[in-house]
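Student: Starting off with a structure, shown below.
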Amino acid sequence: MLYLLFQLFDFSISNTAEDLKQIAYFVQVAEGRSFSRAAEALGVAQPTLSRQVRLLELELGQHLLYRNGRGVEPTEAGVRLLGHARGLLHLAERAREDLRTLGDTPAGKVVVGLPPRIARVLTPPLVARFRSAFPQASIAVAEGLSAQVREWLLAGRVDLAVLYDPPATPQILTESLLREDLVLVAAAGSRPALPARITVSQLPAYPLILPSLPNAIRTLVEGVCRRVGVRLNVVTEVDAVQTILELAAQGQACAILPRSAALGGPALAVCRIEAPVIRNRLVLATPRQRPATRLADATAELLRGLDLHALLYGEARAEGPPAAP
C-alpha cells in the first residue's frame, strides 16, 4: 500500500523513510505557518528543515510554500499536497502500530468516534473492558454528531465509530448494533395532553424542535415524512439533544427523539409514532479502504459485546428476534 501511494509521487521505495521525513517536515511547516516554529517542534536546525522541504519541492517540481511577513503559507500545490501528506503519515503510523501489535497482547492506540449521547453511556464500560483486556494499549474517544464523526472516519482521524443512520457509501462498512423507535415528546402536564400514540400524518399539528440537517435524526424523520407526503411544522432547530429535551420540558414545543433520550432527564410526556413507525439504526462503522489494526479489530469486538439496550434503557433486552427494520 505504501509503495503504491509513493508511486503516485514518483518516490523511490528504497528512500521511503527519507520521503516520510520530508513529508512530516512539510506538514509541520505548513500547519504551523512557520519554519522556526516547526524546527523547534521537530527538534531540528532550521537550515536542515528548509533544505528538506526544498528537496521535496524539487522532487515534485512544485513550489509548496511562499514566504510572507508573518511566516509562510502553502501554495495551491502545497494545499493539495497537505491533504495527501496527512493521509500518508497516518497510514505509515497505522502500519507501524499494526506491526507492534503482532504479539499476544495488542499495543498501540485506537481512536473511537461516538455521538455524545451514546458516548455518555458507552464510554465507561468500553474503557473499563479495554483497559482490562489491553493493558499495554491506549484508547481515545472522540465525540461529535454522527455526520461529523463520519467525516472523521473517512479522513482517518478515528479508527472506528458508532453512528446513527449514516448514508450508504462504498467507503464505509457498517453493521447494525441497535434499532430504536423515535417518539414525540412534550412537557409533562402540557395542554392539550399528548395522546398515547399518533400517526405520522398527524405530526404537522404539533410545533416541533428538531436538529438541523444533516443531523441523522432530522434526516431520518424528514425522509419518512417526505415518503408519506407530510410537511412538518419545525419552529426551532437545535442540534444538542439535551438542549432539545430542556426546551420541550419547558413547553416551548414538542420534539421527536429516540425513546431512550426521554429517559433520565426532565419530566416529559411521551407519545408513540405509528403508521409508519420511525426507527433509527445505530451502527458500528469501519473504513473499507484502510486496513484495520489488530487493536482496532479487538476494540470493535468489545463494542459488539456491550449490551446497548441495557446501557440505554437500564434493562436487559427481552429474549426473541431483533426488531424488524
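By order in the C-alpha cells, chains are A, B, ...; within a chain, residues start at 1; ligands start at 1, following the order shown.
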Neighbouring residues of A:Pro170 were defined as those with any atom within 12 Å, considering only C-alpha atoms; residues of the same chain fewer than 4 positions away were excluded. Please report them as a list in words.
Tutor: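 My list of contacting residues is Leu154, Pro166, Thr174, Ala285, Thr286, Pro287, Arg288 and Gln289 of chain A.
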Student: Apply DSSP to the structure's backbone, then extract all residues of stretch 53-191 of chain A labelled alpha helix (DSSP H) and return them as a PyMOL selection string.
Tutor: chain A and resi 53-60+76-100+116-133+146-155
Student: Excluding A:Arg231 and residues on its chain fewer than 6 positions from it, collect all residues at most 9 Å away from it, counting only C-alpha atoms, and give them as a PyMOL selection string.
Tutor: chain A and resi 201+203-204+222+225
Student: Using only C-alpha atoms, determine which residues lie at most 12 Å from A:Ala187, disregarding the query and same-chain residues fewer than 5 positions distant; provide the list as a PDB file with all heavy atoms, in the first residue's frame.
Tutor:
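The result, stored in part.pdb:
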```pdb
ATOM      1  N   PRO A 192     -53.196  20.906  25.149  1.00  0.00           N
ATOM      2  CA  PRO A 192     -53.806  19.589  25.368  1.00  0.00           C
ATOM      3  C   PRO A 192     -52.747  18.513  25.554  1.00  0.00           C
ATOM      4  O   PRO A 192     -51.641  18.625  25.028  1.00  0.00           O
ATOM      5  CB  PRO A 192     -54.622  19.355  24.102  1.00  0.00           C
ATOM      6  CG  PRO A 192     -53.906  20.150  23.056  1.00  0.00           C
ATOM      7  CD  PRO A 192     -53.369  21.376  23.767  1.00  0.00           C
ATOM      8  N   ALA A 193     -53.086  17.476  26.295  1.00  0.00           N
ATOM      9  CA  ALA A 193     -52.144  16.404  26.579  1.00  0.00           C
ATOM     10  C   ALA A 193     -51.856  15.595  25.323  1.00  0.00           C
ATOM     11  O   ALA A 193     -52.715  15.446  24.434  1.00  0.00           O
ATOM     12  CB  ALA A 193     -52.714  15.491  27.672  1.00  0.00           C
ATOM     13  N   LEU A 194     -50.638  15.086  25.236  1.00  0.00           N
ATOM     14  CA  LEU A 194     -50.294  14.205  24.122  1.00  0.00           C
ATOM     15  C   LEU A 194     -51.102  12.918  24.216  1.00  0.00           C
ATOM     16  O   LEU A 194     -51.277  12.367  25.314  1.00  0.00           O
ATOM     17  CB  LEU A 194     -48.805  13.850  24.150  1.00  0.00           C
ATOM     18  CG  LEU A 194     -47.791  14.867  23.654  1.00  0.00           C
ATOM     19  CD1 LEU A 194     -46.384  14.259  23.696  1.00  0.00           C
ATOM     20  CD2 LEU A 194     -48.108  15.336  22.243  1.00  0.00           C
ATOM     21  N   ILE A 244     -32.571  20.184  23.413  1.00  0.00           N
ATOM     22  CA  ILE A 244     -33.912  19.916  22.880  1.00  0.00           C
ATOM     23  C   ILE A 244     -34.826  19.421  23.992  1.00  0.00           C
ATOM     24  O   ILE A 244     -35.984  19.845  24.124  1.00  0.00           O
ATOM     25  CB  ILE A 244     -33.840  18.887  21.735  1.00  0.00           C
ATOM     26  CG1 ILE A 244     -33.120  19.479  20.529  1.00  0.00           C
ATOM     27  CG2 ILE A 244     -35.244  18.425  21.334  1.00  0.00           C
ATOM     28  CD1 ILE A 244     -32.897  18.497  19.391  1.00  0.00           C
ATOM     29  N   LEU A 245     -34.317  18.508  24.826  1.00  0.00           N
ATOM     30  CA  LEU A 245     -35.111  17.979  25.931  1.00  0.00           C
ATOM     31  C   LEU A 245     -35.519  19.089  26.898  1.00  0.00           C
ATOM     32  O   LEU A 245     -36.663  19.146  27.362  1.00  0.00           O
ATOM     33  CB  LEU A 245     -34.313  16.905  26.669  1.00  0.00           C
ATOM     34  CG  LEU A 245     -34.111  15.580  25.931  1.00  0.00           C
ATOM     35  CD1 LEU A 245     -33.112  14.707  26.683  1.00  0.00           C
ATOM     36  CD2 LEU A 245     -35.433  14.845  25.761  1.00  0.00           C
ATOM     37  N   GLU A 246     -34.583  19.975  27.216  1.00  0.00           N
ATOM     38  CA  GLU A 246     -34.883  21.062  28.141  1.00  0.00           C
ATOM     39  C   GLU A 246     -35.952  21.993  27.573  1.00  0.00           C
ATOM     40  O   GLU A 246     -36.880  22.408  28.276  1.00  0.00           O
ATOM     41  CB  GLU A 246     -33.615  21.853  28.461  1.00  0.00           C
ATOM     42  CG  GLU A 246     -32.564  21.081  29.251  1.00  0.00           C
ATOM     43  CD  GLU A 246     -33.003  20.765  30.663  1.00  0.00           C
ATOM     44  OE1 GLU A 246     -33.948  21.431  31.162  1.00  0.00           O
ATOM     45  OE2 GLU A 246     -32.423  19.852  31.281  1.00  0.00           O
ATOM     46  N   LEU A 247     -35.839  22.335  26.294  1.00  0.00           N
ATOM     47  CA  LEU A 247     -36.825  23.213  25.666  1.00  0.00           C
ATOM     48  C   LEU A 247     -38.197  22.555  25.623  1.00  0.00           C
ATOM     49  O   LEU A 247     -39.223  23.213  25.873  1.00  0.00           O
ATOM     50  CB  LEU A 247     -36.366  23.584  24.259  1.00  0.00           C
ATOM     51  CG  LEU A 247     -35.152  24.509  24.160  1.00  0.00           C
ATOM     52  CD1 LEU A 247     -34.694  24.636  22.714  1.00  0.00           C
ATOM     53  CD2 LEU A 247     -35.466  25.878  24.749  1.00  0.00           C
ATOM     54  N   ALA A 248     -38.228  21.270  25.303  1.00  0.00           N
ATOM     55  CA  ALA A 248     -39.508  20.559  25.275  1.00  0.00           C
ATOM     56  C   ALA A 248     -40.122  20.504  26.669  1.00  0.00           C
ATOM     57  O   ALA A 248     -41.339  20.689  26.839  1.00  0.00           O
ATOM     58  CB  ALA A 248     -39.307  19.150  24.730  1.00  0.00           C
ATOM     59  N   ALA A 249     -39.285  20.266  27.696  1.00  0.00           N
ATOM     60  CA  ALA A 249     -39.787  20.202  29.074  1.00  0.00           C
ATOM     61  C   ALA A 249     -40.335  21.551  29.538  1.00  0.00           C
ATOM     62  O   ALA A 249     -41.233  21.613  30.395  1.00  0.00           O
ATOM     63  CB  ALA A 249     -38.674  19.732  30.010  1.00  0.00           C
ATOM     64  N   GLN A 250     -39.825  22.648  28.979  1.00  0.00           N
ATOM     65  CA  GLN A 250     -40.317  23.985  29.320  1.00  0.00           C
ATOM     66  C   GLN A 250     -41.611  24.338  28.585  1.00  0.00           C
ATOM     67  O   GLN A 250     -42.196  25.395  28.816  1.00  0.00           O
ATOM     68  CB  GLN A 250     -39.253  25.027  28.991  1.00  0.00           C
ATOM     69  CG  GLN A 250     -38.000  24.944  29.849  1.00  0.00           C
ATOM     70  CD  GLN A 250     -36.888  25.839  29.326  1.00  0.00           C
ATOM     71  OE1 GLN A 250     -37.127  26.715  28.491  1.00  0.00           O
ATOM     72  NE2 GLN A 250     -35.677  25.619  29.804  1.00  0.00           N
ATOM     73  N   GLY A 251     -42.029  23.464  27.676  1.00  0.00           N
ATOM     74  CA  GLY A 251     -43.250  23.721  26.931  1.00  0.00           C
ATOM     75  C   GLY A 251     -43.069  24.592  25.712  1.00  0.00           C
ATOM     76  O   GLY A 251     -44.042  25.106  25.151  1.00  0.00           O
ATOM     77  N   GLN A 252     -41.814  24.774  25.265  1.00  0.00           N
ATOM     78  CA  GLN A 252     -41.560  25.618  24.095  1.00  0.00           C
ATOM     79  C   GLN A 252     -42.164  25.026  22.831  1.00  0.00           C
ATOM     80  O   GLN A 252     -42.677  25.746  21.977  1.00  0.00           O
ATOM     81  CB  GLN A 252     -40.058  25.812  23.909  1.00  0.00           C
ATOM     82  CG  GLN A 252     -39.349  26.465  25.083  1.00  0.00           C
ATOM     83  CD  GLN A 252     -39.724  27.925  25.227  1.00  0.00           C
ATOM     84  OE1 GLN A 252     -40.148  28.567  24.280  1.00  0.00           O
ATOM     85  NE2 GLN A 252     -39.600  28.440  26.435  1.00  0.00           N
ATOM     86  N   ALA A 253     -42.085  23.707  22.708  1.00  0.00           N
ATOM     87  CA  ALA A 253     -42.630  22.981  21.559  1.00  0.00           C
ATOM     88  C   ALA A 253     -42.442  21.501  21.845  1.00  0.00           C
ATOM     89  O   ALA A 253     -41.907  21.107  22.887  1.00  0.00           O
ATOM     90  CB  ALA A 253     -41.931  23.397  20.266  1.00  0.00           C
ATOM     91  N   CYS A 254     -42.864  20.668  20.913  1.00  0.00           N
ATOM     92  CA  CYS A 254     -42.642  19.228  21.031  1.00  0.00           C
ATOM     93  C   CYS A 254     -41.319  18.873  20.346  1.00  0.00           C
ATOM     94  O   CYS A 254     -40.689  19.713  19.708  1.00  0.00           O
ATOM     95  CB  CYS A 254     -43.793  18.452  20.379  1.00  0.00           C
ATOM     96  SG  CYS A 254     -45.401  18.780  21.133  1.00  0.00           S
ATOM     97  N   ALA A 255     -40.922  17.621  20.488  1.00  0.00           N
ATOM     98  CA  ALA A 255     -39.690  17.160  19.841  1.00  0.00           C
ATOM     99  C   ALA A 255     -39.863  15.707  19.439  1.00  0.00           C
ATOM    100  O   ALA A 255     -40.678  14.977  20.017  1.00  0.00           O
ATOM    101  CB  ALA A 255     -38.496  17.308  20.782  1.00  0.00           C
ATOM    102  N   ALA A 262     -35.542  10.242  26.120  1.00  0.00           N
ATOM    103  CA  ALA A 262     -36.525  10.826  27.027  1.00  0.00           C
ATOM    104  C   ALA A 262     -36.414  10.267  28.439  1.00  0.00           C
ATOM    105  O   ALA A 262     -37.132  10.706  29.340  1.00  0.00           O
ATOM    106  CB  ALA A 262     -37.934  10.576  26.495  1.00  0.00           C
ATOM    107  N   GLY A 265     -34.048  12.243  32.153  1.00  0.00           N
ATOM    108  CA  GLY A 265     -33.873  13.682  32.024  1.00  0.00           C
ATOM    109  C   GLY A 265     -35.058  14.410  32.612  1.00  0.00           C
ATOM    110  O   GLY A 265     -35.701  13.927  33.555  1.00  0.00           O
ATOM    111  N   PRO A 266     -35.410  15.581  32.076  1.00  0.00           N
ATOM    112  CA  PRO A 266     -36.578  16.314  32.573  1.00  0.00           C
ATOM    113  C   PRO A 266     -37.864  15.527  32.342  1.00  0.00           C
ATOM    114  O   PRO A 266     -37.928  14.685  31.441  1.00  0.00           O
ATOM    115  CB  PRO A 266     -36.543  17.612  31.756  1.00  0.00           C
ATOM    116  CG  PRO A 266     -35.737  17.294  30.548  1.00  0.00           C
ATOM    117  CD  PRO A 266     -34.731  16.281  30.980  1.00  0.00           C
ATOM    118  N   ALA A 267     -38.893  15.800  33.158  1.00  0.00           N
ATOM    119  CA  ALA A 267     -40.166  15.092  33.038  1.00  0.00           C
ATOM    120  C   ALA A 267     -40.830  15.433  31.707  1.00  0.00           C
ATOM    121  O   ALA A 267     -41.027  16.609  31.372  1.00  0.00           O
ATOM    122  CB  ALA A 267     -41.075  15.473  34.201  1.00  0.00           C
ATOM    123  N   LEU A 268     -41.191  14.402  30.960  1.00  0.00           N
ATOM    124  CA  LEU A 268     -41.766  14.589  29.635  1.00  0.00           C
ATOM    125  C   LEU A 268     -42.922  13.626  29.423  1.00  0.00           C
ATOM    126  O   LEU A 268     -42.918  12.503  29.952  1.00  0.00           O
ATOM    127  CB  LEU A 268     -40.713  14.352  28.548  1.00  0.00           C
ATOM    128  CG  LEU A 268     -39.552  15.337  28.459  1.00  0.00           C
ATOM    129  CD1 LEU A 268     -38.434  14.763  27.620  1.00  0.00           C
ATOM    130  CD2 LEU A 268     -40.030  16.668  27.873  1.00  0.00           C
ATOM    131  N   ALA A 269     -43.886  14.062  28.644  1.00  0.00           N
ATOM    132  CA  ALA A 269     -44.920  13.160  28.148  1.00  0.00           C
ATOM    133  C   ALA A 269     -44.404  12.543  26.848  1.00  0.00           C
ATOM    134  O   ALA A 269     -43.792  13.233  26.027  1.00  0.00           O
ATOM    135  CB  ALA A 269     -46.216  13.923  27.905  1.00  0.00           C
ATOM    136  N   VAL A 270     -44.633  11.260  26.678  1.00  0.00           N
ATOM    137  CA  VAL A 270     -44.091  10.532  25.530  1.00  0.00           C
ATOM    138  C   VAL A 270     -45.230   9.915  24.734  1.00  0.00           C
ATOM    139  O   VAL A 270     -46.131   9.283  25.303  1.00  0.00           O
ATOM    140  CB  VAL A 270     -43.112   9.434  25.990  1.00  0.00           C
ATOM    141  CG1 VAL A 270     -42.590   8.652  24.786  1.00  0.00           C
ATOM    142  CG2 VAL A 270     -41.952  10.052  26.763  1.00  0.00           C
ATOM    143  N   CYS A 271     -45.178  10.080  23.424  1.00  0.00           N
ATOM    144  CA  CYS A 271     -46.216   9.586  22.522  1.00  0.00           C
ATOM    145  C   CYS A 271     -45.586   8.722  21.438  1.00  0.00           C
ATOM    146  O   CYS A 271     -44.621   9.132  20.796  1.00  0.00           O
ATOM    147  CB  CYS A 271     -46.949  10.778  21.907  1.00  0.00           C
ATOM    148  SG  CYS A 271     -48.078  10.374  20.571  1.00  0.00           S
TER     149      CYS A 271
END
```
Student: Using only C-alpha atoms for the distances, tell me which of A:His63, A:Arg281, A:Arg272, A:His309 is nearest to A:Ser260.
Tutor: A:His309
Student: Can you tell me which residues surround stretch 134-138 of chain A at a distance of at most 6 Å, considering only C-alpha atoms, apart from same-chain residues fewer than 6 positions away, and format the answer as number ranges by chain?
Tutor: A: 107-109
Student: Generate the output file for the selected residues, N, CA and C atoms, as an mmCIF file, in the first residue's frame.
Tutor:
```cif
data_model
loop_
_atom_site.group_PDB
_atom_site.id
_atom_site.type_symbol
_atom_site.label_atom_id
_atom_site.label_comp_id
_atom_site.auth_asym_id
_atom_site.auth_seq_id
_atom_site.Cartn_x
_atom_site.Cartn_y
_atom_site.Cartn_z
ATOM 1 N N ALA A 107 -0.873 -3.735 21.309
ATOM 2 C CA ALA A 107 -0.431 -2.478 21.894
ATOM 3 C C ALA A 107 -0.767 -1.357 20.918
ATOM 4 N N GLY A 108 -0.352 -0.156 21.264
ATOM 5 C CA GLY A 108 -0.617 0.976 20.393
ATOM 6 C C GLY A 108 -1.800 1.784 20.893
ATOM 7 N N LYS A 109 -2.434 2.506 19.980
ATOM 8 C CA LYS A 109 -3.540 3.398 20.333
ATOM 9 C C LYS A 109 -4.670 3.241 19.337
#
```
Student: Compile the contact shell of stretch 125-129 of chain A as number ranges by chain: residues with an atom at most 12 Å away, counting only C-alpha atoms, same-chain residues fewer than 4 positions apart removed.
Tutor: A: 110-112, 114, 118-121, 133-135, 137-141, 298-308, 310-311
Student: Check the smallest atom-to-atom distance from each of A:Arg33, A:Pro124, A:Val79, A:Lys21 to A:Leu55 using only C-alpha atoms, then report the winner.
Tutor: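 Between A:Arg33, A:Pro124, A:Val79, A:Lys21, the residue approaching A:Leu55 most closely is A:Lys21.
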Student: Write down as JSON, numbers by chain the residues belonging to stretch 44-283 of chain A that are assigned strand (DSSP E or B) by DSSP computed on the backbone.
Tutor: {"A": [65, 66, 67, 68, 71, 72, 73, 74, 108, 109, 110, 111, 112, 113, 114, 137, 138, 139, 140, 141, 142, 143, 160, 161, 162, 163, 164, 172, 173, 174, 175, 176, 177, 178, 179, 180, 181, 182, 183, 184, 185, 186, 187, 197, 198, 199, 208, 209, 210, 234, 235, 236, 237, 254, 255, 256, 257, 258, 268, 269, 270, 271, 272, 273, 274, 279, 280, 281, 282, 283]}
Student: In terms of the shortest atom-to-atom distance over only C-alpha atoms, which of A:Arg191, A:Arg80, A:Arg218, A:Arg51 is closest to A:Val234?
Tutor: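 Nearest candidate to A:Val234 out of A:Arg191, A:Arg80, A:Arg218, A:Arg51: A:Arg218.
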Student: Which of these, A:Ala39, A:Leu263, A:Ala30, A:Ala186, has the shortest distance to A:Val72 once you count only C-alpha atoms?
Tutor: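 Checking each of A:Ala39, A:Leu263, A:Ala30, A:Ala186 against A:Val72, counting only C-alpha atoms, the winner is A:Ala30.
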Student: Using only C-alpha atoms, determine which residues lie at most 9 Å from A:Asn280, disregarding the query and same-chain residues fewer than 2 positions distant; provide the list as an NGL selection string.
Tutor: :A and (164-165 or 178-182 or 216-217 or 220 or 258 or 278 or 282 or 325)
